[in-house]
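*Asks:* File query.csv below, CSV, C-alpha atoms:
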chain,number,residue,atom,x,y,z
A,1,MET,CA,-4.3,-6.2,2.1
A,2,ILE,CA,-6.9,-3.6,1.4
A,3,LYS,CA,-10.1,-5.7,1.0
A,4,SER,CA,-11.8,-3.3,-1.5
A,5,LEU,CA,-9.1,-4.1,-4.1
A,6,ILE,CA,-9.5,-7.9,-4.0
A,7,ASN,CA,-10.9,-9.2,-7.3
A,8,LYS,CA,-11.6,-5.6,-8.4
A,9,PRO,CA,-11.6,-5.6,-12.3
A,10,THR,CA,-10.9,-1.9,-12.8
A,11,VAL,CA,-7.5,-0.2,-13.4
A,12,THR,CA,-5.7,0.8,-10.2
A,13,ALA,CA,-3.4,3.8,-10.6
A,14,ILE,CA,-0.7,4.2,-7.9
A,15,ILE,CA,1.4,7.4,-7.8
A,16,ILE,CA,4.6,6.9,-5.7
A,17,CYS,CA,5.8,9.9,-3.8
A,18,ALA,CA,7.3,8.4,-0.6
A,19,GLY,CA,11.0,8.9,-1.4
A,20,GLU,CA,13.4,11.1,0.4
A,21,ALA,CA,14.0,13.4,-2.7
A,22,THR,CA,17.4,14.4,-1.5
A,23,ARG,CA,18.6,15.3,-5.0
A,24,TRP,CA,15.7,17.9,-5.2
A,25,ALA,CA,17.0,19.6,-2.0
A,26,ASN,CA,13.6,21.4,-1.4
A,27,TYR,CA,14.1,23.5,-4.5
A,28,MET,CA,11.7,26.5,-4.6
A,29,ASN,CA,10.6,25.4,-1.0
A,30,VAL,CA,8.3,22.7,-2.4
A,31,PRO,CA,8.6,18.9,-2.7
A,32,LYS,CA,9.4,18.0,-6.3
A,33,HIS,CA,5.9,16.4,-6.7
A,34,PHE,CA,4.5,19.9,-6.3
A,35,ALA,CA,6.8,21.6,-8.8
A,36,PRO,CA,4.5,23.8,-10.9
A,37,VAL,CA,4.1,23.8,-14.7
A,38,ASP,CA,1.7,26.4,-16.0
A,39,GLY,CA,0.7,27.1,-12.4
A,40,GLU,CA,-0.4,23.5,-11.7
A,41,PRO,CA,1.7,21.1,-9.4
A,42,ILE,CA,2.8,18.1,-11.5
A,43,LEU,CA,1.2,15.7,-9.0
A,44,HIS,CA,-2.1,17.4,-9.3
A,45,ARG,CA,-1.7,17.2,-13.1
A,46,THR,CA,-1.1,13.5,-13.0
A,47,ILE,CA,-4.2,12.9,-10.8
A,48,ARG,CA,-6.3,15.1,-13.1
A,49,LEU,CA,-5.1,13.3,-16.3
A,50,ALA,CA,-5.4,9.8,-14.7
A,51,SER,CA,-8.9,10.5,-13.5
A,52,LYS,CA,-10.1,10.6,-17.1
A,53,TYR,CA,-9.4,6.9,-17.2
A,54,THR,CA,-10.0,5.5,-13.7
A,55,SER,CA,-11.6,6.5,-10.4
A,56,THR,CA,-9.2,4.3,-8.4
A,57,ILE,CA,-6.2,6.5,-7.8
A,58,TYR,CA,-3.8,6.2,-4.8
A,59,VAL,CA,-1.0,8.6,-3.8
A,60,VAL,CA,1.7,6.8,-1.8
A,61,ALA,CA,3.3,9.4,0.5
A,62,LYS,CA,4.4,10.0,4.0
A,63,SER,CA,2.6,13.4,4.6
A,64,GLN,CA,-1.0,14.4,4.9
A,65,ASN,CA,-0.2,17.3,2.5
A,66,TYR,CA,-0.6,14.7,-0.2
A,67,LYS,CA,-4.3,14.4,0.3
A,68,ILE,CA,-5.6,15.6,-3.1
A,69,LYS,CA,-9.0,15.6,-4.7
A,70,ASN,CA,-9.9,12.6,-6.8
A,71,SER,CA,-7.3,10.4,-5.1
A,72,GLN,CA,-6.8,8.5,-1.9
A,73,LEU,CA,-3.7,8.9,0.3
A,74,PHE,CA,-1.9,5.8,1.3
A,75,VAL,CA,0.8,6.2,4.0
A,76,PRO,CA,3.1,3.2,3.6
A,77,LYS,CA,5.2,1.2,6.0
A,78,LEU,CA,8.7,1.9,4.7
A,79,ASP,CA,11.6,-0.6,4.9
A,80,THR,CA,14.9,1.1,4.3
A,81,THR,CA,16.6,-2.3,3.9
A,82,ASN,CA,15.0,-2.5,0.5
A,83,GLU,CA,17.0,0.5,-0.6
A,84,ASP,CA,15.4,2.4,-3.6
A,85,ALA,CA,13.3,-0.7,-4.5
A,86,ASP,CA,11.1,0.2,-1.6
A,87,LYS,CA,9.5,3.0,-3.5
A,88,PHE,CA,7.8,0.1,-5.4
A,89,LEU,CA,7.5,-2.5,-2.7
A,90,SER,CA,5.9,0.0,-0.2
A,91,SER,CA,2.8,0.1,-2.5
A,92,LYS,CA,2.3,-3.7,-2.7
A,93,ASP,CA,-0.8,-3.6,-0.5
A,94,LEU,CA,-2.5,-1.6,-3.3
A,95,TRP,CA,-1.6,-3.9,-6.2
A,96,ASN,CA,-4.8,-4.9,-8.0
A,97,LEU,CA,-5.4,-8.7,-7.7
A,98,GLY,CA,-8.3,-8.6,-10.1
A,99,GLY,CA,-7.1,-6.3,-12.9
A,100,ARG,CA,-4.4,-4.0,-14.1
A,101,THR,CA,-2.1,-1.9,-11.9
A,102,ILE,CA,-0.3,1.1,-13.2
A,103,VAL,CA,2.5,2.6,-11.0
A,104,PHE,CA,3.3,6.2,-11.9
A,105,TYR,CA,6.4,8.1,-10.7
A,106,GLY,CA,5.2,11.1,-8.7
A,107,ASP,CA,7.9,13.4,-9.9
A,108,VAL,CA,7.1,13.1,-13.6
A,109,PHE,CA,5.3,15.7,-15.8
A,110,PHE,CA,3.0,13.7,-18.1
A,111,THR,CA,1.6,15.0,-21.4
A,112,ASP,CA,-2.0,14.3,-22.2
A,113,ASP,CA,-0.9,12.0,-25.0
A,114,ALA,CA,1.5,10.0,-22.8
A,115,MET,CA,-1.2,9.4,-20.3
A,116,ARG,CA,-3.5,8.3,-23.1
A,117,GLN,CA,-0.9,5.9,-24.4
A,118,ILE,CA,-0.3,4.4,-21.0
A,119,PHE,CA,-3.9,3.8,-20.1
A,120,THR,CA,-4.9,2.5,-23.6
A,121,HIS,CA,-1.9,0.2,-23.9
A,122,ARG,CA,-3.6,-3.3,-24.3
A,123,LYS,CA,-0.7,-5.7,-24.3
A,124,ARG,CA,-1.2,-7.9,-21.3
A,125,GLU,CA,2.3,-8.1,-19.8
A,126,TRP,CA,4.5,-6.3,-17.4
A,127,THR,CA,5.5,-3.1,-19.2
A,128,LEU,CA,7.8,-0.2,-18.5
A,129,PHE,CA,6.8,3.1,-20.0
A,130,ALA,CA,10.0,5.2,-20.3
A,131,ARG,CA,12.4,7.0,-22.6
A,132,GLU,CA,15.5,4.9,-23.4
A,133,HIS,CA,18.0,7.7,-24.1
A,134,GLU,CA,18.4,11.4,-23.9
A,135,SER,CA,15.6,13.7,-25.0
A,136,LYS,CA,16.0,16.1,-28.0
A,137,ILE,CA,12.7,17.7,-27.0
A,138,THR,CA,13.4,18.7,-23.3
A,139,GLY,CA,17.2,18.4,-23.4
A,140,THR,CA,17.5,15.9,-20.6
A,141,PRO,CA,20.8,14.1,-21.2
A,142,TYR,CA,19.7,10.6,-20.1
A,143,GLY,CA,16.9,8.1,-20.3
A,144,GLU,CA,14.0,8.2,-17.8
A,145,CYS,CA,11.4,5.8,-16.3
A,146,PHE,CA,7.9,7.2,-16.1
A,147,ALA,CA,5.5,4.3,-15.2
A,148,GLN,CA,5.1,0.6,-15.1
A,149,SER,CA,2.1,-1.6,-15.6
A,150,PHE,CA,1.3,-5.2,-14.7
A,151,TYR,CA,-1.5,-7.7,-14.2
A,152,PRO,CA,-2.2,-10.3,-11.4
A,153,GLU,CA,-0.3,-13.0,-13.2
A,154,ASN,CA,2.8,-10.8,-13.3
A,155,ILE,CA,2.9,-10.0,-9.6
A,156,PRO,CA,5.0,-13.0,-8.4
A,157,GLU,CA,7.8,-12.2,-10.9
A,158,HIS,CA,7.4,-8.5,-10.3
A,159,LEU,CA,7.8,-9.0,-6.5
A,160,SER,CA,10.6,-11.5,-6.9
A,161,ASN,CA,12.7,-9.2,-9.0
A,162,LEU,CA,12.1,-6.2,-6.7
A,163,ASN,CA,13.4,-8.3,-3.8
A,164,ARG,CA,16.3,-9.5,-6.0
A,165,ILE,CA,17.6,-6.0,-6.9
A,166,ALA,CA,17.1,-4.9,-3.2
A,167,TYR,CA,19.3,-7.9,-2.2
A,168,GLU,CA,22.0,-7.3,-4.7
A,169,ARG,CA,22.1,-3.6,-3.7
A,170,ARG,CA,22.5,-4.6,0.0
A,171,GLU,CA,25.3,-7.0,-0.9
A,172,GLY,CA,27.1,-4.4,-3.0
A,173,ILE,CA,26.7,-6.3,-6.2
A,174,ILE,CA,25.0,-3.4,-7.9
A,175,ASP,CA,25.3,0.3,-7.1
A,176,ARG,CA,21.6,1.1,-7.3
A,177,CYS,CA,18.3,-0.6,-7.4
A,178,GLY,CA,15.8,1.8,-9.0
A,179,GLY,CA,13.5,1.6,-12.0
A,180,TRP,CA,16.1,0.7,-14.6
A,181,GLU,CA,17.5,-2.1,-12.6
A,182,HIS,CA,14.0,-3.5,-12.0
A,183,TYR,CA,13.3,-3.3,-15.8
A,184,ARG,CA,16.5,-5.2,-16.5
A,185,ALA,CA,15.6,-7.9,-14.1
A,186,MET,CA,12.1,-8.2,-15.6
A,187,ALA,CA,13.6,-8.2,-19.2
A,188,ASP,CA,16.3,-10.7,-18.4
A,189,VAL,CA,19.1,-8.2,-19.0
A,190,ASP,CA,22.4,-7.8,-17.0
A,191,LEU,CA,21.5,-5.4,-14.2
A,192,LYS,CA,24.4,-3.2,-15.1
A,193,GLU,CA,23.7,-3.1,-18.9
A,194,HIS,CA,21.5,-0.4,-20.3
A,195,ARG,CA,19.7,-2.4,-23.0
A,196,ILE,CA,16.1,-2.8,-24.0
A,197,ASN,CA,14.8,-6.3,-24.4
A,198,GLY,CA,11.1,-6.2,-24.7
A,199,ARG,CA,8.5,-5.3,-22.1
A,200,PHE,CA,9.2,-1.7,-23.0
A,201,TYR,CA,7.0,1.1,-24.4
A,202,ASP,CA,8.8,4.2,-25.5
A,203,ILE,CA,7.5,7.6,-24.7
A,204,ASP,CA,9.5,10.4,-26.3
A,205,ASP,CA,7.7,13.8,-26.0
A,206,TYR,CA,7.6,16.5,-23.3
A,207,THR,CA,7.0,13.8,-20.6
A,208,ASP,CA,10.0,14.1,-18.2
A,209,ASP,CA,11.2,13.4,-14.7
A,210,PHE,CA,12.4,16.0,-12.2
A,211,ASP,CA,15.1,14.5,-10.0
A,212,TYR,CA,17.3,17.6,-9.8
A,213,PRO,CA,16.5,21.4,-9.9
A,214,ASP,CA,18.4,21.5,-13.2
A,215,ASP,CA,15.9,18.9,-14.7
A,216,TYR,CA,13.0,21.2,-13.8
A,217,ASP,CA,14.7,24.4,-15.0
A,218,ARG,CA,15.7,22.8,-18.3
A,219,PHE,CA,12.2,21.5,-18.8
A,220,ILE,CA,10.6,24.8,-18.1
A,221,LYS,CA,12.7,26.5,-20.7
A,222,ALA,CA,11.8,23.9,-23.3
A,223,TRP,CA,8.1,24.1,-22.3
A,224,ALA,CA,8.1,27.9,-22.6
A,225,LYS,CA,9.6,27.7,-26.1
A,226,ARG,CA,6.9,25.2,-27.1
A,227,SER,CA,4.2,27.5,-25.7
A,228,ASN,CA,5.6,30.5,-27.6
A,229,LYS,CA,5.6,28.5,-30.8
A,230,ASN,CA,2.0,27.6,-30.3
A,231,LYS,CA,1.1,31.2,-29.7
A,232,GLU,CA,2.8,32.2,-33.0
A,233,LYS,CA,0.7,29.7,-34.9
In C-alpha cells, write the structure found in this file.

*Replies:*
Amino acid sequence: MIKSLINKPTVTAIIICAGEATRWANYMNVPKHFAPVDGEPILHRTIRLASKYTSTIYVVAKSQNYKIKNSQLFVPKLDTTNEDADKFLSSKDLWNLGGRTIVFYGDVFFTDDAMRQIFTHRKREWTLFAREHESKITGTPYGECFAQSFYPENIPEHLSNLNRIAYERREGIIDRCGGWEHYRAMADVDLKEHRINGRFYDIDDYTDDFDYPDDYDRFIKAWAKRSNKNKEK
C-alpha cells in the first residue's frame, strides 16, 4: 500500500490505461489514450480537467510514455487471470482509504460538464457514471461506462464483486467481465442482463469512449458539426 494515501481525506483520481487495446489496433500510430481532439490527446485532457478538482491524480499504465504533467505514473503488477477485471484490480494499491476514489477510463473523452458532474456528485455510495444506451449526440450505437466512484466503506464490496466477475469469466459462466458486469454485480442485477438498478449516474452529452477506430472517427465527425454550429452562432 502506498503510505501517502492512508487516511488521506482528499479525492484520489485514478485514470486506468493499462489494457492491451487490441480493438484500437494502434490506429493513427498512437495508443487510444492519446487520440487527439482539437489537437489535445484525450488523456491529457482528462488530467487537465481533473486537476481543477484534485491534485491527487494517478495514471495507471505500463509505459513511461504515460508520465504526464499534473499526474503521477503508477506501473501496476498485472494479473491476467483476472481477465478484464484486472484493469480495476490493478489499481487497488491506490484506492483512497480516507476519502473518495474516482476511477476514470483512460480512453474516454470527457466534456467539462461531465467532469464537473462527476467531481461534485455528493451521494456517498458506489456509483457508476455512464450512458445506459446509444447516443443520439455522438452516434455511438451502444451504452458506455466512463468512471466509477467509491468510498472506504464500499471497498470490501467493490473488491469482492471484481473478484466475483473475474472468477465467473474464468469459469466460462459469463463471456466478459468489464465495467458493465461490475456494475451489475454492484447493483444486484443478473450479470448478463443490461438493466439499471440504482448506483448509476447518467451522462449523456459528448462524453464518449474510444474502443475502436470507428468510435473515434464517428465522434470526430459529430464534434466537428458541433464546432461548426458554435461558429455560426

*Asks:* Just checking: using only C-alpha atoms, which residue out of A:Thr46, A:Ser91, A:Thr120, A:Asn82 ends up closest to Asn70 in chain A?

*Replies:*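 The answer is A:Thr46, which sits nearest to Asn70 in chain A.
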
*Asks:* By how many Å are CA of Lys52 in chain A and CA of Lys32 in chain A apart?

*Replies:* 23.5 Å

*Asks:* Hey, which of A:Tyr206, A:Glu144, A:Lys225, A:Lys69 ends up closest to His194 in chain A? Count only C-alpha atoms.

*Replies:*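 Of the candidates, the smallest distance to His194 in chain A is held by A:Glu144.
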
*Asks:* Show me, as a PDB file with C-alpha atoms, in the frame of the given file, the residues that have an atom within 9 Å of Glu132 in chain A when counting only C-alpha atoms, minus same-chain residues fewer than 4 positions from it.

*Replies:*
ATOM      1  CA  TYR A 142      19.700  10.600 -20.100  1.00  0.00           C
ATOM      2  CA  GLY A 143      16.900   8.100 -20.300  1.00  0.00           C
ATOM      3  CA  GLU A 144      14.000   8.200 -17.800  1.00  0.00           C
ATOM      4  CA  CYS A 145      11.400   5.800 -16.300  1.00  0.00           C
ATOM      5  CA  HIS A 194      21.500  -0.400 -20.300  1.00  0.00           C
ATOM      6  CA  ARG A 195      19.700  -2.400 -23.000  1.00  0.00           C
ATOM      7  CA  ILE A 196      16.100  -2.800 -24.000  1.00  0.00           C
ATOM      8  CA  ASP A 202       8.800   4.200 -25.500  1.00  0.00           C
ATOM      9  CA  ILE A 203       7.500   7.600 -24.700  1.00  0.00           C
ATOM     10  CA  ASP A 204       9.500  10.400 -26.300  1.00  0.00           C
TER      11      ASP A 204
END

*Asks:* Which polymer residues have any atom within 10 Å of an atom of Cys17 in chain A, counting all atoms listed in the file, with same-chain residues fewer than 6 positions away left out, as a list in words?

*Replies:* Pro31, Lys32, His33, Leu43, Val59, Val60, Ala61, Lys62, Ser63, Tyr66, Val75, Lys87, Phe104, Tyr105, Gly106 and Asp107 of chain A

*Asks:* Can you tell me how far CA of Thr10 in chain A sits from CA of Phe74 in chain A, in Å to one decimal?

*Replies:* 18.4 Å

*Asks:* Which one is closest to Ala35 in chain A: A:Ala224, A:Asp209, A:Trp126, A:Ile174? Count all atoms listed in the file.

*Replies:*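 For Ala35 in chain A, the nearest of the candidates is A:Asp209.
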
*Asks:* Taking all atoms listed in the file into account, which of A:Asn65, A:Gly139, A:Arg122, A:Thr80 comes nearest Ala166 in chain A?

*Replies:* A:Thr80

*Asks:* Take CA of Lys221 in chain A and CA of Ala130 in chain A and report the distance between them in Å, one decimal.

*Replies:*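 Between these atoms lies a distance of 21.5 Å.
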
*Asks:* Compare A:His121, A:Val30, A:Arg45, A:Arg218 by their minimum atom-to-atom distance to Pro141 in chain A, counting all atoms listed in the file, and give me the closest one.

*Replies:*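 Among the listed residues, the smallest separation from Pro141 in chain A belongs to A:Arg218.
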
*Asks:* Which is closest to Asp214 in chain A among A:Thr140, A:Asp112, A:Arg176, A:Met186, if we use only C-alpha atoms?

*Replies:*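 The answer is A:Thr140, which sits nearest to Asp214 in chain A.
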
*Asks:* Which neighbours of Thr54 in chain A fall inside 8 Å, counting only C-alpha atoms, when residues of the same chain fewer than 2 positions from it are skipped, and could you give them as a ChimeraX atom specification?

*Replies:* /A:10-13,50-52,56-57

*Asks:* Complete range 46-57 of chain A with all heavy atoms (output as a PDB file, in the frame of the given file).

*Replies:*
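As written to disk, out-v3.pdb reads:
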ATOM      1  N   THR A  46      -1.005  14.909 -12.760  1.00  0.00           N
ATOM      2  CA  THR A  46      -1.100  13.500 -13.000  1.00  0.00           C
ATOM      3  C   THR A  46      -2.403  12.907 -12.511  1.00  0.00           C
ATOM      4  O   THR A  46      -3.021  12.093 -13.206  1.00  0.00           O
ATOM      5  CB  THR A  46       0.087  12.770 -12.214  1.00  0.00           C
ATOM      6  OG1 THR A  46       1.340  13.246 -12.716  1.00  0.00           O
ATOM      7  CG2 THR A  46       0.020  11.264 -12.394  1.00  0.00           C
ATOM      8  N   ILE A  47      -2.874  13.354 -11.358  1.00  0.00           N
ATOM      9  CA  ILE A  47      -4.200  12.900 -10.800  1.00  0.00           C
ATOM     10  C   ILE A  47      -5.302  13.344 -11.787  1.00  0.00           C
ATOM     11  O   ILE A  47      -6.207  12.565 -12.115  1.00  0.00           O
ATOM     12  CB  ILE A  47      -4.406  13.420  -9.426  1.00  0.00           C
ATOM     13  CG1 ILE A  47      -3.409  12.775  -8.466  1.00  0.00           C
ATOM     14  CG2 ILE A  47      -5.843  13.158  -8.976  1.00  0.00           C
ATOM     15  CD1 ILE A  47      -3.367  13.404  -7.092  1.00  0.00           C
ATOM     16  N   ARG A  48      -5.229  14.582 -12.233  1.00  0.00           N
ATOM     17  CA  ARG A  48      -6.300  15.100 -13.100  1.00  0.00           C
ATOM     18  C   ARG A  48      -6.326  14.301 -14.434  1.00  0.00           C
ATOM     19  O   ARG A  48      -7.420  13.923 -14.903  1.00  0.00           O
ATOM     20  CB  ARG A  48      -6.004  16.579 -13.424  1.00  0.00           C
ATOM     21  CG  ARG A  48      -6.964  17.193 -14.446  1.00  0.00           C
ATOM     22  CD  ARG A  48      -6.770  18.697 -14.574  1.00  0.00           C
ATOM     23  NE  ARG A  48      -5.440  19.069 -15.005  1.00  0.00           N
ATOM     24  CZ  ARG A  48      -5.022  19.050 -16.277  1.00  0.00           C
ATOM     25  NH1 ARG A  48      -5.837  18.627 -17.243  1.00  0.00           N
ATOM     26  NH2 ARG A  48      -3.802  19.451 -16.598  1.00  0.00           N
ATOM     27  N   LEU A  49      -5.163  14.024 -15.017  1.00  0.00           N
ATOM     28  CA  LEU A  49      -5.100  13.300 -16.300  1.00  0.00           C
ATOM     29  C   LEU A  49      -5.552  11.829 -16.081  1.00  0.00           C
ATOM     30  O   LEU A  49      -6.296  11.268 -16.883  1.00  0.00           O
ATOM     31  CB  LEU A  49      -3.731  13.351 -16.885  1.00  0.00           C
ATOM     32  CG  LEU A  49      -3.232  14.738 -17.324  1.00  0.00           C
ATOM     33  CD1 LEU A  49      -1.832  14.630 -17.904  1.00  0.00           C
ATOM     34  CD2 LEU A  49      -4.178  15.362 -18.337  1.00  0.00           C
ATOM     35  N   ALA A  50      -5.080  11.205 -15.000  1.00  0.00           N
ATOM     36  CA  ALA A  50      -5.400   9.800 -14.700  1.00  0.00           C
ATOM     37  C   ALA A  50      -6.901   9.621 -14.449  1.00  0.00           C
ATOM     38  O   ALA A  50      -7.488   8.584 -14.779  1.00  0.00           O
ATOM     39  CB  ALA A  50      -4.584   9.274 -13.583  1.00  0.00           C
ATOM     40  N   SER A  51      -7.522  10.628 -13.835  1.00  0.00           N
ATOM     41  CA  SER A  51      -8.900  10.500 -13.500  1.00  0.00           C
ATOM     42  C   SER A  51      -9.857  10.460 -14.672  1.00  0.00           C
ATOM     43  O   SER A  51     -11.041  10.120 -14.543  1.00  0.00           O
ATOM     44  CB  SER A  51      -9.336  11.665 -12.537  1.00  0.00           C
ATOM     45  OG  SER A  51      -9.266  12.905 -13.210  1.00  0.00           O
ATOM     46  N   LYS A  52      -9.333  10.744 -15.864  1.00  0.00           N
ATOM     47  CA  LYS A  52     -10.100  10.600 -17.100  1.00  0.00           C
ATOM     48  C   LYS A  52     -10.310   9.116 -17.440  1.00  0.00           C
ATOM     49  O   LYS A  52     -11.207   8.776 -18.211  1.00  0.00           O
ATOM     50  CB  LYS A  52      -9.428  11.305 -18.251  1.00  0.00           C
ATOM     51  CG  LYS A  52      -9.279  12.811 -18.098  1.00  0.00           C
ATOM     52  CD  LYS A  52      -8.516  13.388 -19.275  1.00  0.00           C
ATOM     53  CE  LYS A  52      -8.296  14.889 -19.121  1.00  0.00           C
ATOM     54  NZ  LYS A  52      -7.511  15.455 -20.256  1.00  0.00           N
ATOM     55  N   TYR A  53      -9.449   8.266 -16.865  1.00  0.00           N
ATOM     56  CA  TYR A  53      -9.400   6.900 -17.200  1.00  0.00           C
ATOM     57  C   TYR A  53      -9.809   5.899 -16.109  1.00  0.00           C
ATOM     58  O   TYR A  53     -10.203   4.764 -16.361  1.00  0.00           O
ATOM     59  CB  TYR A  53      -8.051   6.467 -17.772  1.00  0.00           C
ATOM     60  CG  TYR A  53      -7.607   7.301 -18.947  1.00  0.00           C
ATOM     61  CD1 TYR A  53      -6.841   8.455 -18.756  1.00  0.00           C
ATOM     62  CD2 TYR A  53      -7.967   6.951 -20.239  1.00  0.00           C
ATOM     63  CE1 TYR A  53      -6.438   9.225 -19.843  1.00  0.00           C
ATOM     64  CE2 TYR A  53      -7.566   7.716 -21.325  1.00  0.00           C
ATOM     65  CZ  TYR A  53      -6.802   8.861 -21.116  1.00  0.00           C
ATOM     66  OH  TYR A  53      -6.411   9.623 -22.190  1.00  0.00           O
ATOM     67  N   THR A  54      -9.655   6.325 -14.870  1.00  0.00           N
ATOM     68  CA  THR A  54     -10.000   5.500 -13.700  1.00  0.00           C
ATOM     69  C   THR A  54     -10.372   6.333 -12.527  1.00  0.00           C
ATOM     70  O   THR A  54      -9.909   7.478 -12.400  1.00  0.00           O
ATOM     71  CB  THR A  54      -8.793   4.571 -13.347  1.00  0.00           C
ATOM     72  OG1 THR A  54      -9.177   3.722 -12.251  1.00  0.00           O
ATOM     73  CG2 THR A  54      -7.576   5.380 -12.932  1.00  0.00           C
ATOM     74  N   SER A  55     -11.206   5.772 -11.682  1.00  0.00           N
ATOM     75  CA  SER A  55     -11.600   6.500 -10.400  1.00  0.00           C
ATOM     76  C   SER A  55     -10.808   5.908  -9.248  1.00  0.00           C
ATOM     77  O   SER A  55     -10.993   6.367  -8.123  1.00  0.00           O
ATOM     78  CB  SER A  55     -13.083   6.345 -10.201  1.00  0.00           C
ATOM     79  OG  SER A  55     -13.450   4.979 -10.079  1.00  0.00           O
ATOM     80  N   THR A  56      -9.950   4.907  -9.496  1.00  0.00           N
ATOM     81  CA  THR A  56      -9.200   4.300  -8.400  1.00  0.00           C
ATOM     82  C   THR A  56      -7.748   4.782  -8.485  1.00  0.00           C
ATOM     83  O   THR A  56      -6.918   4.235  -9.209  1.00  0.00           O
ATOM     84  CB  THR A  56      -9.226   2.748  -8.519  1.00  0.00           C
ATOM     85  OG1 THR A  56     -10.583   2.320  -8.606  1.00  0.00           O
ATOM     86  CG2 THR A  56      -8.562   2.111  -7.305  1.00  0.00           C
ATOM     87  N   ILE A  57      -7.476   5.852  -7.769  1.00  0.00           N
ATOM     88  CA  ILE A  57      -6.200   6.500  -7.800  1.00  0.00           C
ATOM     89  C   ILE A  57      -5.647   6.643  -6.376  1.00  0.00           C
ATOM     90  O   ILE A  57      -6.323   7.211  -5.516  1.00  0.00           O
ATOM     91  CB  ILE A  57      -6.228   7.886  -8.467  1.00  0.00           C
ATOM     92  CG1 ILE A  57      -6.803   7.773  -9.886  1.00  0.00           C
ATOM     93  CG2 ILE A  57      -4.855   8.546  -8.485  1.00  0.00           C
ATOM     94  CD1 ILE A  57      -7.068   9.123 -10.542  1.00  0.00           C
TER      95      ILE A  57
END
